[in-house]
file work_33.csv (CSV, C-alpha atoms and all ligand atoms)
chain,number,residue,atom,x,y,z
A,1,MET,CA,-6.6,94.8,44.8
A,2,LYS,CA,-10.3,94.6,45.4
A,3,ASN,CA,-10.8,96.4,48.8
A,4,LEU,CA,-9.3,99.8,49.7
A,5,ALA,CA,-9.8,101.6,53.0
A,6,VAL,CA,-9.1,105.2,54.1
A,7,LEU,CA,-8.6,106.7,57.6
A,8,THR,CA,-7.9,110.1,59.1
A,9,SER,CA,-5.6,110.4,62.0
A,10,GLY,CA,-4.1,113.0,64.4
A,11,GLY,CA,-5.3,116.6,64.5
A,12,ASP,CA,-8.2,117.1,62.1
A,13,ALA,CA,-7.5,119.5,59.2
A,14,PRO,CA,-9.9,121.3,56.9
A,15,GLY,CA,-9.9,119.4,53.6
A,16,MET,CA,-9.7,116.0,55.1
A,17,ASN,CA,-13.3,115.3,53.9
A,18,ALA,CA,-12.4,116.3,50.4
A,19,ALA,CA,-9.6,113.8,50.5
A,20,ILE,CA,-11.8,111.0,51.9
A,21,ARG,CA,-14.4,111.7,49.1
A,22,ALA,CA,-11.7,111.6,46.5
A,23,VAL,CA,-10.2,108.3,47.7
A,24,VAL,CA,-13.7,106.7,47.8
A,25,ARG,CA,-14.8,108.0,44.4
A,26,THR,CA,-11.5,107.3,42.7
A,27,GLY,CA,-11.4,103.8,44.1
A,28,GLN,CA,-15.0,103.2,43.0
A,29,ALA,CA,-14.2,104.5,39.5
A,30,ARG,CA,-11.4,101.9,39.3
A,31,GLY,CA,-13.8,99.1,40.3
A,32,LEU,CA,-12.8,98.7,44.0
A,33,GLN,CA,-14.9,98.3,47.1
A,34,THR,CA,-14.1,101.2,49.4
A,35,TRP,CA,-14.1,101.3,53.2
A,36,GLY,CA,-13.9,103.9,55.9
A,37,VAL,CA,-12.0,103.3,59.1
A,38,TYR,CA,-13.5,105.2,62.0
A,39,GLU,CA,-11.6,107.0,64.7
A,40,GLY,CA,-8.1,106.7,63.2
A,41,TYR,CA,-5.7,104.0,64.4
A,42,SER,CA,-7.9,103.3,67.4
A,43,GLY,CA,-10.6,102.2,65.0
A,44,LEU,CA,-8.1,100.2,63.0
A,45,ILE,CA,-7.2,98.2,66.1
A,46,GLU,CA,-10.8,97.7,67.0
A,47,GLY,CA,-11.9,96.8,63.5
A,48,ASN,CA,-14.2,99.8,63.3
A,49,PHE,CA,-14.7,99.7,59.5
A,50,LYS,CA,-17.7,100.5,57.3
A,51,ARG,CA,-18.2,100.2,53.5
A,52,LEU,CA,-18.4,103.6,51.9
A,53,GLY,CA,-19.9,104.1,48.5
A,54,PRO,CA,-20.0,107.3,46.4
A,55,ARG,CA,-23.3,108.4,48.0
A,56,ASP,CA,-21.8,108.1,51.5
A,57,VAL,CA,-19.3,110.8,50.8
A,58,GLY,CA,-21.8,113.2,49.1
A,59,SER,CA,-22.0,116.8,50.5
A,60,ILE,CA,-18.9,116.5,52.6
A,61,ILE,CA,-16.4,118.4,50.5
A,62,GLN,CA,-17.5,121.7,52.1
A,63,ARG,CA,-17.3,120.5,55.6
A,64,GLY,CA,-14.5,121.0,58.1
A,65,GLY,CA,-13.2,118.2,60.4
A,66,THR,CA,-13.4,114.6,59.3
A,67,VAL,CA,-16.6,112.5,58.8
A,68,LEU,CA,-14.5,109.4,59.8
A,69,GLY,CA,-13.4,110.9,63.1
A,70,SER,CA,-9.9,111.0,64.3
A,71,ALA,CA,-7.8,110.1,67.4
A,72,ARG,CA,-4.3,110.0,68.7
A,73,CYS,CA,-3.6,106.3,69.6
A,74,PRO,CA,-0.7,105.4,71.8
A,75,GLN,CA,-1.4,101.6,71.4
A,76,PHE,CA,-0.5,102.0,67.7
A,77,HIS,CA,3.1,102.9,68.8
A,78,THR,CA,3.6,99.3,69.9
A,79,GLU,CA,4.4,96.3,67.6
A,80,GLU,CA,1.4,94.4,69.0
A,81,GLY,CA,-0.9,97.3,68.1
A,82,VAL,CA,0.3,97.3,64.5
A,83,GLU,CA,0.1,93.5,64.2
A,84,LEU,CA,-3.5,93.6,65.6
A,85,ALA,CA,-4.4,96.3,63.1
A,86,ILE,CA,-3.1,94.2,60.2
A,87,ARG,CA,-5.0,91.2,61.4
A,88,ARG,CA,-8.2,93.3,61.5
A,89,LEU,CA,-7.6,94.6,58.0
A,90,HIS,CA,-6.9,91.1,56.6
A,91,GLY,CA,-10.0,89.9,58.4
A,92,ALA,CA,-12.2,92.4,56.5
A,93,GLY,CA,-10.5,91.5,53.2
A,94,ILE,CA,-8.9,95.0,53.0
A,95,GLU,CA,-5.7,95.0,50.9
A,96,GLY,CA,-4.7,98.6,50.9
A,97,LEU,CA,-5.0,101.7,53.2
A,98,VAL,CA,-4.8,105.4,52.6
A,99,VAL,CA,-3.7,107.3,55.7
A,100,ILE,CA,-4.6,111.0,55.8
A,101,GLY,CA,-2.6,112.8,58.5
A,102,GLY,CA,0.5,114.5,59.7
A,103,ASN,CA,3.8,113.4,61.3
A,104,GLY,CA,2.5,111.0,63.9
A,105,SER,CA,0.0,109.5,61.4
A,106,GLN,CA,2.6,109.0,58.7
A,107,THR,CA,4.9,107.3,61.3
A,108,GLY,CA,2.0,104.9,61.9
A,109,ALA,CA,1.7,104.4,58.1
A,110,HIS,CA,5.4,103.7,58.0
A,111,ALA,CA,5.0,101.0,60.7
A,112,LEU,CA,2.3,99.3,58.7
A,113,HIS,CA,4.4,99.5,55.5
A,114,LYS,CA,7.4,97.9,57.4
A,115,MET,CA,5.2,95.0,58.3
A,116,GLY,CA,4.3,94.5,54.7
A,117,PHE,CA,0.9,96.1,54.6
A,118,PRO,CA,0.2,98.3,51.4
A,119,VAL,CA,-0.3,101.9,52.5
A,120,VAL,CA,-0.1,105.3,51.0
A,121,GLY,CA,-0.1,108.6,53.0
A,122,VAL,CA,-1.8,111.9,52.2
A,123,ALA,CA,0.0,115.0,53.6
A,124,SER,CA,-2.4,116.6,56.0
A,125,THR,CA,-1.8,118.9,59.0
A,126,ILE,CA,-2.4,122.6,59.7
A,127,ASP,CA,1.1,122.8,61.0
A,128,ASN,CA,2.8,122.4,57.6
A,129,ASP,CA,5.7,120.6,59.3
A,130,LEU,CA,5.6,117.4,57.2
A,131,TYR,CA,8.5,116.5,55.0
A,132,GLY,CA,7.4,115.5,51.5
A,133,SER,CA,5.0,118.3,50.7
A,134,ASP,CA,5.6,122.0,50.3
A,135,VAL,CA,2.1,122.6,51.6
A,136,THR,CA,-0.2,120.2,53.6
A,137,LEU,CA,-3.9,119.9,53.8
A,138,GLY,CA,-5.6,122.4,56.1
A,139,VAL,CA,-2.8,125.0,56.1
A,140,ASP,CA,-4.6,127.4,53.8
A,141,THR,CA,-7.8,127.4,55.8
A,142,ALA,CA,-6.0,127.7,59.2
A,143,LEU,CA,-4.0,130.7,57.8
A,144,ASN,CA,-7.2,132.4,56.6
A,145,VAL,CA,-8.8,131.9,60.0
A,146,ALA,CA,-5.8,133.3,61.7
A,147,LEU,CA,-5.7,136.2,59.3
A,148,ASN,CA,-9.4,137.1,59.9
A,149,ALA,CA,-8.7,137.1,63.6
A,150,ILE,CA,-5.5,139.2,63.2
A,151,ASP,CA,-7.4,141.7,61.0
A,152,ASN,CA,-10.1,142.1,63.7
A,153,LEU,CA,-7.6,142.3,66.5
A,154,LYS,CA,-5.7,145.0,64.7
A,155,VAL,CA,-8.9,147.2,64.6
A,156,THR,CA,-9.5,147.0,68.3
A,157,ALA,CA,-5.8,147.3,69.1
A,158,SER,CA,-5.7,150.5,67.2
A,159,SER,CA,-8.9,151.9,68.9
A,160,HIS,CA,-7.2,151.3,72.3
A,161,ARG,CA,-3.6,151.8,71.4
A,162,ARG,CA,-2.9,148.4,72.8
A,163,ALA,CA,-0.3,145.7,72.0
A,164,LEU,CA,-2.0,142.4,71.3
A,165,LEU,CA,-0.1,139.1,71.4
A,166,VAL,CA,-1.9,136.6,69.2
A,167,GLU,CA,-1.0,132.9,69.7
A,168,VAL,CA,-1.4,130.6,66.8
A,169,MET,CA,-1.0,126.8,66.6
A,170,GLY,CA,1.7,124.9,64.9
A,171,ARG,CA,3.3,122.7,67.6
A,172,LYS,CA,7.2,123.1,67.2
A,173,CYS,CA,6.9,124.6,63.8
A,174,GLY,CA,6.7,128.4,63.1
A,175,TYR,CA,5.1,128.2,59.7
A,176,LEU,CA,1.6,129.3,60.6
A,177,ALA,CA,2.9,132.1,62.8
A,178,LEU,CA,5.4,133.3,60.2
A,179,MET,CA,2.9,133.3,57.3
A,180,ALA,CA,0.0,134.7,59.3
A,181,GLY,CA,2.3,137.3,60.7
A,182,ILE,CA,3.6,138.5,57.3
A,183,ALA,CA,0.2,138.4,55.6
A,184,GLY,CA,-1.5,140.1,58.6
A,185,GLY,CA,1.1,142.9,58.8
A,186,ALA,CA,2.3,142.0,62.3
A,187,GLU,CA,4.8,144.3,64.0
A,188,ALA,CA,6.7,141.3,65.4
A,189,ILE,CA,6.6,137.5,65.0
A,190,VAL,CA,7.8,135.0,67.7
A,191,LEU,CA,8.8,131.6,66.4
A,192,PRO,CA,9.9,128.3,67.9
A,193,GLU,CA,12.9,128.3,65.5
A,194,ILE,CA,14.4,131.5,67.1
A,195,ASP,CA,14.4,132.0,70.9
A,196,VAL,CA,12.7,135.3,71.8
A,197,VAL,CA,14.3,137.6,74.4
A,198,PRO,CA,11.3,139.3,76.1
A,199,GLU,CA,13.3,142.4,76.9
A,200,GLN,CA,14.1,142.8,73.2
A,201,LEU,CA,10.5,142.2,72.2
A,202,ALA,CA,9.3,144.8,74.7
A,203,GLU,CA,11.8,147.3,73.2
A,204,ARG,CA,10.6,146.5,69.7
A,205,ILE,CA,6.9,147.1,70.8
A,206,GLN,CA,7.8,150.4,72.4
A,207,ASP,CA,9.7,151.4,69.2
A,208,VAL,CA,6.5,150.6,67.2
A,209,TYR,CA,4.6,153.3,69.1
A,210,GLN,CA,7.5,155.7,69.0
A,211,ARG,CA,7.4,155.4,65.2
A,212,GLY,CA,3.8,156.5,65.2
A,213,LYS,CA,1.8,153.3,65.0
A,214,PRO,CA,-1.4,153.1,67.0
A,215,HIS,CA,-1.1,149.4,67.7
A,216,ALA,CA,1.4,146.6,67.9
A,217,ILE,CA,0.4,143.1,66.8
A,218,VAL,CA,2.7,140.3,67.8
A,219,VAL,CA,2.0,136.9,66.4
A,220,VAL,CA,3.3,134.2,68.7
A,221,ALA,CA,3.7,130.5,67.7
A,222,GLU,CA,2.4,128.2,70.5
A,223,GLY,CA,5.7,126.3,70.4
A,224,ALA,CA,8.0,129.3,71.0
A,225,ASN,CA,10.2,129.5,74.1
A,226,TYR,CA,7.5,131.8,75.5
A,227,ASN,CA,3.9,131.6,74.5
A,228,ALA,CA,1.6,134.6,74.3
A,229,GLU,CA,0.5,134.6,78.0
A,230,GLY,CA,4.0,133.6,79.1
A,231,LEU,CA,5.3,136.8,77.4
A,232,CYS,CA,2.6,139.0,79.0
A,233,GLN,CA,3.4,137.5,82.4
A,234,TYR,CA,7.1,138.2,81.9
A,235,PHE,CA,6.4,141.8,80.9
A,236,ARG,CA,4.2,142.2,84.0
A,237,GLU,CA,6.7,140.6,86.4
A,238,HIS,CA,9.7,142.5,85.1
A,239,GLU,CA,7.8,145.7,84.7
A,240,LEU,CA,8.6,145.9,81.0
A,241,LEU,CA,6.3,147.9,78.7
A,242,ARG,CA,5.3,150.1,81.6
A,243,GLY,CA,2.7,152.7,80.5
A,244,TYR,CA,1.5,150.5,77.6
A,245,GLU,CA,-1.5,148.2,77.6
A,246,PHE,CA,-1.0,144.6,76.4
A,247,ARG,CA,-3.2,141.5,76.2
A,248,SER,CA,-2.9,138.0,74.8
A,249,THR,CA,-5.4,136.1,72.6
A,250,VAL,CA,-5.0,132.4,72.0
A,251,LEU,CA,-6.7,131.3,68.7
A,252,GLY,CA,-6.4,127.6,69.5
A,253,TYR,CA,-8.8,125.1,67.9
A,254,VAL,CA,-10.8,127.7,65.9
A,255,GLN,CA,-7.9,127.4,63.3
A,256,ARG,CA,-8.7,123.7,62.8
A,257,GLY,CA,-12.4,123.6,62.7
A,258,ALA,CA,-13.3,126.0,59.9
A,259,PRO,CA,-14.9,124.9,56.6
A,260,PRO,CA,-12.1,124.3,54.0
A,261,THR,CA,-11.1,127.1,51.6
A,262,CYS,CA,-11.3,126.4,47.9
A,263,ALA,CA,-7.5,125.7,47.9
A,264,ASP,CA,-7.9,123.0,50.6
A,265,ARG,CA,-10.9,121.4,48.9
A,266,LEU,CA,-8.9,121.2,45.7
A,267,LEU,CA,-5.7,120.0,47.4
A,268,GLY,CA,-7.6,117.3,49.4
A,269,THR,CA,-9.3,116.2,46.1
A,270,ARG,CA,-6.0,116.0,44.3
A,271,LEU,CA,-4.0,114.3,47.0
A,272,GLY,CA,-6.8,111.9,47.9
A,273,SER,CA,-7.4,110.9,44.3
A,274,GLU,CA,-3.7,110.5,43.6
A,275,ALA,CA,-3.2,108.4,46.7
A,276,ALA,CA,-5.9,105.9,45.5
A,277,GLU,CA,-4.3,105.8,42.0
A,278,GLN,CA,-0.8,105.2,43.5
A,279,ILE,CA,-1.8,102.3,45.8
A,280,ILE,CA,-3.8,100.7,43.0
A,281,ALA,CA,-0.8,101.0,40.7
A,282,GLY,CA,1.3,99.2,43.4
A,283,ASN,CA,3.3,102.3,44.5
A,284,GLN,CA,3.0,101.8,48.2
A,285,GLY,CA,4.9,103.0,51.3
A,286,VAL,CA,4.9,106.6,50.0
A,287,LEU,CA,3.4,109.9,51.0
A,288,VAL,CA,1.5,111.8,48.3
A,289,GLY,CA,2.2,115.6,48.5
A,290,ILE,CA,2.9,118.7,46.4
A,291,ILE,CA,6.4,119.8,45.6
A,292,THR,CA,6.9,122.9,43.5
A,293,GLY,CA,3.3,122.6,42.2
A,294,GLN,CA,3.5,119.0,41.2
A,295,VAL,CA,2.0,116.0,42.8
A,296,THR,CA,4.8,113.8,44.1
A,297,THR,CA,5.4,110.7,46.1
A,298,THR,CA,8.1,110.5,48.8
A,299,PRO,CA,9.0,107.2,50.5
A,300,LEU,CA,7.6,107.1,54.1
A,301,GLU,CA,11.1,106.2,55.5
A,302,GLU,CA,12.3,109.6,54.3
A,303,VAL,CA,9.1,111.4,55.5
A,304,VAL,CA,9.4,110.1,59.1
A,305,VAL,CA,13.0,111.5,59.5
A,306,GLY,CA,12.9,114.5,57.1
A,307,LYS,CA,12.9,118.0,58.4
A,308,LYS,CA,11.2,120.9,56.6
A,309,PRO,CA,12.9,124.2,57.5
A,310,LEU,CA,11.1,127.6,57.2
A,311,ASP,CA,11.6,129.5,54.0
A,312,PRO,CA,14.7,131.8,54.6
A,313,TRP,CA,13.2,134.5,52.3
A,314,PHE,CA,10.1,134.8,54.4
A,315,LEU,CA,12.1,134.8,57.6
A,316,LYS,CA,14.2,137.7,56.3
A,317,ALA,CA,11.2,139.5,54.9
A,318,ALA,CA,9.3,139.3,58.1
A,319,ASP,CA,11.8,141.5,59.9
A,320,MET,CA,12.2,143.9,57.0
A,321,LEU,CA,8.5,144.4,56.4
A,322,ALA,CA,7.4,144.9,60.0
A,323,ARG,CA,9.0,148.4,60.1
A,401,LIG,O1,-1.0,119.1,64.8
A,401,LIG,C1,-2.1,119.9,64.7
A,401,LIG,C2,-2.3,120.6,66.0
A,401,LIG,O2,-3.5,121.4,65.9
A,401,LIG,C3,-1.1,121.4,66.6
A,401,LIG,O3,-1.1,122.7,65.9
A,401,LIG,C4,-1.4,121.5,68.0
A,401,LIG,O4,-0.3,121.7,68.8
A,401,LIG,C5,-2.0,120.1,68.3
A,401,LIG,O5,-2.5,119.7,67.0
A,401,LIG,C6,-3.0,120.0,69.3
A,401,LIG,O6,-3.3,118.7,69.5
A,401,LIG,P1,-4.6,118.1,70.2
A,401,LIG,O7,-5.7,118.1,69.2
A,401,LIG,O8,-4.2,116.7,70.6
A,401,LIG,O9,-4.9,119.0,71.4
call {"tool": "encode", "arguments": {"input": "work_33.csv", "output": "structure tokens", "more": "lines below"}}
Ligand code: F6P
result
Amino acid sequence: MKNLAVLTSGGDAPGMNAAIRAVVRTGQARGLQTWGVYEGYSGLIEGNFKRLGPRDVGSIIQRGGTVLGSARCPQFHTEEGVELAIRRLHGAGIEGLVVIGGNGSQTGAHALHKMGFPVVGVASTIDNDLYGSDVTLGVDTALNVALNAIDNLKVTASSHRRALLVEVMGRKCGYLALMAGIAGGAEAIVLPEIDVVPEQLAERIQDVYQRGKPHAIVVVAEGANYNAEGLCQYFREHELLRGYEFRSTVLGYVQRGAPPTCADRLLGTRLGSEAAEQIIAGNQGVLVGIITGQVTTTPLEEVVVGKKPLDPWFLKAADMLAR
């Protein structure tokens, strides 16, 4: 292999730049020409490629987002889209591709692999819902952002004796909510994995005050059967929590845009470098991730169908510790 490219796709995640830098510098150290694909799979289809040398990826390790840009690309879900992308890659002489992204992105990588193009994935999404890695790129930063917010919200909640419902991202996975809720000392956590009954949640919040707490923090996953504002609305319409003040706060994209923590810089560096080594060594069609502390590769065909359940210990602990 002489030419290796890297792209970022799907929702950006803090640490993607560290991974891009590691792919480029590892590729260069192994004597390859390295390329960046801009705007994810859209850029792949359009042939939006640029040569990247070691200096082009200088001073990006500390930056959030992705210097390559990212996109969600419906055209890439078609066979014609994938074929066109492969023609573009061949046209530029590129013989291998590292795809940094989450579920949708690795499904795209799998499509390229099935059509015979050498590809390796890097596990990256703040949702931590990707099979093949215990922890994905961006999770640590997103959790720390959520925790800062929760810590601040708890202060103002206490001053006003309010209940605050804090919504975190995560799509249909409750990992961010569960971990931020436990680490933030939340009084209740609402997850997509377990349907919430608003009446029971309201009782629980009342109970919190009756036990002498000056606040109630409820961390709500955006993909739960009720989101934070949905719960507030339900409480109002059904006159639940009468006599108590409650508000919702949606953290949204602030969780994604922060500068990467040390853990995410190191994870991006490790996974990006290993992805380049794997593809050079001819181990393609795999996702590079971390399992029980070790860098591992998992075949993409397993990644695209695999499910990663929440840790049962944390699920049990969440209930017990919120007393
Ligand atoms: O997958 C990462 C994520 O931030 C999810 O938590 C969220 O639901 C989604 O992306 C938002 O997607 P978009 O950037 O397309 O609005």
call {"tool": "atom_distance", "arguments": {"input": "work_33.csv", "atom1": "atom CA of Ile45 of chain A", "atom2": "atom CA of Tyr253 of chain A"}}
result
27.0 Å
call {"tool": "residues_near_ligand", "arguments": {"input": "work_33.csv", "ligand": "ligand LIG 401 (chain A)", "cutoff": "7 Å", "atoms": "only C-alpha atoms and all ligand atoms", "output": "PDB file with C-alpha atoms, keeping the file's coordinate frame"}}
result
ATOM      1  CA  GLY A  10      -4.100 113.000  64.400  1.00  0.00           C
ATOM      2  CA  GLY A  11      -5.300 116.600  64.500  1.00  0.00           C
ATOM      3  CA  ARG A  72      -4.300 110.000  68.700  1.00  0.00           C
ATOM      4  CA  THR A 125      -1.800 118.900  59.000  1.00  0.00           C
ATOM      5  CA  ILE A 126      -2.400 122.600  59.700  1.00  0.00           C
ATOM      6  CA  ASP A 127       1.100 122.800  61.000  1.00  0.00           C
ATOM      7  CA  MET A 169      -1.000 126.800  66.600  1.00  0.00           C
ATOM      8  CA  GLY A 170       1.700 124.900  64.900  1.00  0.00           C
ATOM      9  CA  ARG A 171       3.300 122.700  67.600  1.00  0.00           C
ATOM     10  CA  TYR A 253      -8.800 125.100  67.900  1.00  0.00           C
ATOM     11  CA  ARG A 256      -8.700 123.700  62.800  1.00  0.00           C
TER      12      ARG A 256
END
call {"tool": "closest_residue", "arguments": {"input": "work_33.csv", "among": "A:Met1, A:Ile182, A:Gly31, A:Glu167", "to": "Leu231 of chain A", "atoms": "all atoms listed in the file"}}
result
A:Glu167
call {"tool": "residues_around", "arguments": {"input": "work_33.csv", "residues": "Gly181 of chain A", "least_positions_apart": "4", "cutoff": "6 Å", "atoms": "only C-alpha atoms", "output": "MDAnalysis selection string"}}
result
chainID A and resid 177 186 219
call {"tool": "atom_distance", "arguments": {"input": "work_33.csv", "atom1": "atom CA of Glu83 of chain A", "atom2": "atom CA of Gly101 of chain A"}}
result
20.3 Å
call {"tool": "residues_near_point", "arguments": {"input": "work_33.csv", "point": "(-18.9, 127.9, 51.9)", "cutoff": "9 Å", "atoms": "only C-alpha atoms", "output": "list in words"}}
result
Gln62, Arg63, Pro259, Pro260, Thr261 and Cys262 of chain A
call {"tool": "closest_residue", "arguments": {"input": "work_33.csv", "among": "A:Gly53, A:Gly47, A:Gly102, A:Gly174", "to": "Phe314 of chain A", "atoms": "all atoms listed in the file"}}
result
A:Gly174
call {"tool": "closest_residue", "arguments": {"input": "work_33.csv", "among": "A:Ser248, A:Thr269, A:Thr292, A:Asn225", "to": "Pro198 of chain A", "atoms": "all atoms listed in the file"}}
result
A:Asn225
call {"tool": "closest_residue", "arguments": {"input": "work_33.csv", "among": "A:Asn152, A:Gln284, A:Ser158, A:Asn144", "to": "Gln255 of chain A", "atoms": "only C-alpha atoms"}}
result
A:Asn144
call {"tool": "residues_around", "arguments": {"input": "work_33.csv", "residues": "Thr78 of chain A", "least_positions_apart": "2", "cutoff": "12 Å", "atoms": "only C-alpha atoms", "output": "PyMOL selection string"}}
result
chain A and resi 41+45+73-76+80-85+107-108+111-112
call {"tool": "atom_distance", "arguments": {"input": "work_33.csv", "atom1": "atom CA of Val145 of chain A", "atom2": "atom CA of Glu229 of chain A"}}
result
20.4 Å
call {"tool": "closest_residue", "arguments": {"input": "work_33.csv", "among": "A:Tyr209, A:Leu266, A:Thr156, A:Gly116", "to": "Gly243 of chain A", "atoms": "all atoms listed in the file"}}
result
A:Tyr209
call {"tool": "residues_around", "arguments": {"input": "work_33.csv", "residues": "Ala19 of chain A", "least_positions_apart": "4", "cutoff": "8 Å", "atoms": "all atoms listed in the file", "output": "ChimeraX atom specification"}}
result
/A:15,23,100,265,267-273
call {"tool": "residues_near_point", "arguments": {"input": "work_33.csv", "point": "(3.3, 136.5, 68.6)", "cutoff": "9 Å", "atoms": "all atoms listed in the file", "output": "number ranges by chain"}}
result
A: 164-168, 177, 181, 186, 188-191, 217-222, 224, 227-228, 248
call {"tool": "residues_around", "arguments": {"input": "work_33.csv", "residues": "Glu277 of chain A", "least_positions_apart": "3", "cutoff": "9 Å", "atoms": "all atoms listed in the file", "output": "list of chain:residue names"}}
result
A:Val23, A:Thr26, A:Gly27, A:Arg30, A:Gly272, A:Ser273, A:Glu274, A:Ile280, A:Ala281, A:Gly282, A:Asn283
